[in-house]
Amino acid sequence: MINTTTAVAAQPSSSSSSNTAAQSLGLKSFFKTPEGRYKLHYDKTHPSSLLPYALAKSITQITLADLKDQPVQAAANTSSLQPTSSYSVASSGVRYVTSKFLGSSGNGSRMLGFVGGNGTGSKANGGASKSSHVGGLNNGGNSTGGSNPSDGKGTYLIFNVGDTLYVTELNSEEKDPIKSISFGNSNPICHAFDSKAKDGHDFLIGLNSGDVYSVSLRLQLQDVGKKLVGAHHYNKDGALNSSRCTCIAWIPERDGAFVAAHADGNLYIYEKASLNLIINASLYHYISKDGPGDSTFPVIKDQTQFSVAHARSSKSNPIARWHICQGPINAITFSADGRHLATVGRDGYLRVFDFLNEQLICGGKSYYGALLYGLQVSGVAFDSYWSPPTSEGESENAVYRFGSVGQDTQLLLWDLAMDELVVPLRRPPGGSPTYSRTQSSHWDSVVPVGTLQPAPSTKDVPKLAPLVAHRVHSEPLSGLIFSQESILTASRDGHVKIWTRPGVSDSSDTCTPTKPATTGFK
């Protein structure tokens, strides 16, 4: 493991210290591609004081968040979530009443969590309610009333290690994070950012306990504490589903709606919580406009079949449950317009759904085993910022660049040229497969809609060799993101490396994405 604290102290330049540490482990600080050389720019990690056993609690995932000037509507909603000075400094009588109500010692130094704190409180009574809220009010050193004057603007890298979520500035030389959020007895597993959020809540967090939170990332950065503030809490204490939340995603073109997938093969659709802030004498709390509703769903009759169930009450949240597969859902992604959803599961199948009509379109099984599970490949992403070189006299050809990372600690880059890909169309009974270099209408008519295809034979699968294979970390890799100026790789033990693209200067402000990096499809 790289001792990042020592490296920062010894060298003023993060790039040079990262290079030195990499070389000491036999790792190069650059790799070459046909378009030029990618250079190791920054190396981010968790604090060096983190105990080794904490690293085994969860696998590190990474998210990029570009916080720009806050929209007027979002600013108004965010400010309503943050306690103001009128009740940040409460009188001793108010502190006594609130401490009696919440069971604190009466000194007013405990943060008041109105749903049992940060997911570690008592079990919910009865069924899962529409949502709960984690408030922020204290009178001790960790005031949430704006002690940190930062406006939150900038590009941030968020990653999870153990029971903590870390936030660091992407373009800063500092390796250590600027913010940490602890979850105590639960571990953050997955997270997602929405740059188009209108209500201030732009960041989702899924835990191994099944709990899900939505928060304002800007508000977390402005708070100096290590607990969530102004959070909406869903599936509290796993009341609806206690299996691990494996992946989470915002639904494009649907304000505030998102999906959360679980280890039992279920995916839940949530709508934005509708909450009013009520100031009542000595306390403040959040009340759902629609009431708790009934979020229970019928028993799944066949675990092997896709099924959709809707909540029995219009006031419920989640509003629907999709049973995708038998076993964990390992990854999900939406098309840019939100019409289609793709999932991969431990059962080895990739499935594509018509999300709006709640229908399975098609699916196929990997002959290697479970997709994105327990294999060498742990992450795949398209590089939407890369464009192929062009020259006069060459015919236009659709070429796509994508990358993959895996347990062998290597980053692989691939160039996929569509006119060079030989796709097997079908294998007639007792005959040889037919091939085509272009798309064919016959390909769409071979298999009925909603059919899951078995694993293909290896001789029927097109082969593609990687353009680049480079060992980028000393530990197995778990995450990959492409941004406009760089490639980000993450190892499962909480180290993130930022590789600048060819031609990008070494200035500190070079890695800001101009659009969301995604592993989605069209």
# chains A, B, ... in the order shown; residues from 1 in each chain; ligands from 1
call {"tool": "select_by_dssp", "arguments": {"residues": "segment 129-253 of chain A", "states": "strand (DSSP E)", "output": "count of residues only"}}
result
46
call {"tool": "residues_around", "arguments": {"residues": "Ile329 of chain A", "least_positions_apart": "6", "cutoff": "10 Å", "atoms": "only C-alpha atoms", "output": "JSON, numbers by chain"}}
result
{"A": [245, 246, 247, 260, 261, 262, 263, 264, 265, 266, 267, 323, 343, 344, 345, 346, 347, 348, 349, 371, 372, 373]}
call {"tool": "residues_around", "arguments": {"residues": "Glu35 of chain A", "least_positions_apart": "5", "cutoff": "12 Å", "atoms": "only C-alpha atoms", "output": "JSON, numbers by chain"}}
result
{"A": [386, 387, 388, 389, 390, 467, 468, 501, 502, 503]}
call {"tool": "residues_around", "arguments": {"residues": "Arg321 of chain A", "least_positions_apart": "6", "cutoff": "7 Å", "atoms": "only C-alpha atoms", "output": "list in words"}}
result
Asn266, Leu267, Tyr268, Ile269, Val308, Ala309 and His310 of chain A
call {"tool": "atom_distance", "arguments": {"atom1": "atom CA of Gln305 of chain A", "atom2": "atom CA of Trp250 of chain A"}}
result
24.9 Å
call {"tool": "closest_residue", "arguments": {"among": "A:Lys68, A:Lys153, A:Lys175, A:Lys236", "to": "Tyr42 of chain A", "atoms": "only C-alpha atoms"}}
result
A:Lys175
call {"tool": "residues_around", "arguments": {"residues": "segment 60-62 of chain A", "least_positions_apart": "2", "cutoff": "6 Å", "atoms": "only C-alpha atoms", "output": "CSV table (one decimal) with N, CA and C atoms, in the first residue's frame"}}
result
chain,number,residue,atom,x,y,z
A,158,ILE,N,-15.8,11.4,-5.0
A,158,ILE,CA,-16.3,10.7,-3.9
A,158,ILE,C,-16.0,9.2,-4.0
A,159,PHE,N,-15.5,8.6,-2.9
A,159,PHE,CA,-15.2,7.2,-2.8
A,159,PHE,C,-15.5,6.7,-1.4
A,160,ASN,N,-15.8,5.4,-1.4
A,160,ASN,CA,-16.1,4.7,-0.1
A,160,ASN,C,-15.0,3.8,0.3
A,161,VAL,N,-14.7,3.8,1.6
A,161,VAL,CA,-13.7,2.8,2.1
A,161,VAL,C,-14.3,2.4,3.5
A,479,GLY,N,-12.9,0.3,-10.0
A,479,GLY,CA,-13.6,1.4,-10.6
A,479,GLY,C,-12.9,2.0,-11.8
A,492,ARG,N,-9.6,-1.5,-5.1
A,492,ARG,CA,-10.6,-1.9,-4.1
A,492,ARG,C,-10.3,-1.5,-2.7
A,494,GLY,N,-9.1,1.5,-1.8
A,494,GLY,CA,-9.4,2.9,-1.5
A,494,GLY,C,-8.3,3.8,-2.1
